[in-house]
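Visitor: Submitted below is the structure of interest, expressed as structure tokens.
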Amino acid sequence: MAEGSDDVLRVTLRRAAMDTLARREHSRAELSQKLARKYPELEAHIPSVLDQLEGDALLSDERFTEAYTRYRRNRGVGPLLIRQELAGKGVASALISAWVDEADHQWQESLHTVIARKARGVELNTLDARARQKLFRFCLSRGFSSAQISRALRSDTEL
């Protein structure tokens, strides 16, 4: 009898996990926390359900990291902040390093887009020191490194 009830509990957990994954990708740690909050009495069964989802290729930290990095980069967020967010979501540092390469040229393009949007068509060389510092701090808060920002602000490329 207890065997049958365990199966029912696992099915319940699996359905809840699949419903959550249907909305968007999640890291294993993130999904585990969500399920534990929703079903605290079933916490012992969560690892086995997550293992099964990974085996069925429904849950993948690599796929989550790729999707999250692409989404955040398209939203104008820099590599430093994305690294921090992924670590907070329980993604392994090796996986983060594989997907968030600060030397990638796409970060520079993203930074140029952020600067252009923030500068609103004003030429960078016409900005006074105070406005440049404000723009620099804004880019830092978006997760770009000071070297990337300096390079972008020094560039002669028209934004």
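We label chains A, B, ... in the order they appear in the structure tokens, count residues from 1 in each chain, and number ligands from 1 in the order shown.
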For range 138-144 of chain A, find every residue with an atom within 7 Å (counting only C-alpha atoms), except residues of its own chain fewer than 5 positions away, and show them as a list in words.
Guide: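 With the cut-off at 7 Å, the set is Val77, Gly78, Pro79, Leu80, Leu81 and Ile149 of chain A.
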Visitor: Taking only C-alpha atoms into account, which of A:His105, A:Arg130, A:Lys89, A:Arg151 comes nearest Glu30 in chain A?
Guide: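 Using only C-alpha atoms, the shortest distance to Glu30 in chain A belongs to A:Lys89.
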Visitor: Near Arg70 in chain A, counting only C-alpha atoms, which residues have an atom at most 10 Å away, once you skip same-chain residues fewer than 5 positions from it, shown as a count of residues only?
Guide: 7
Visitor: Quick check, in Å to one decimal: how far apart do CA of Gly76 in chain A and CA of Val114 in chain A lie?
Guide: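 Pair CA of Gly76 in chain A / CA of Val114 in chain A returns 5.9 Å.
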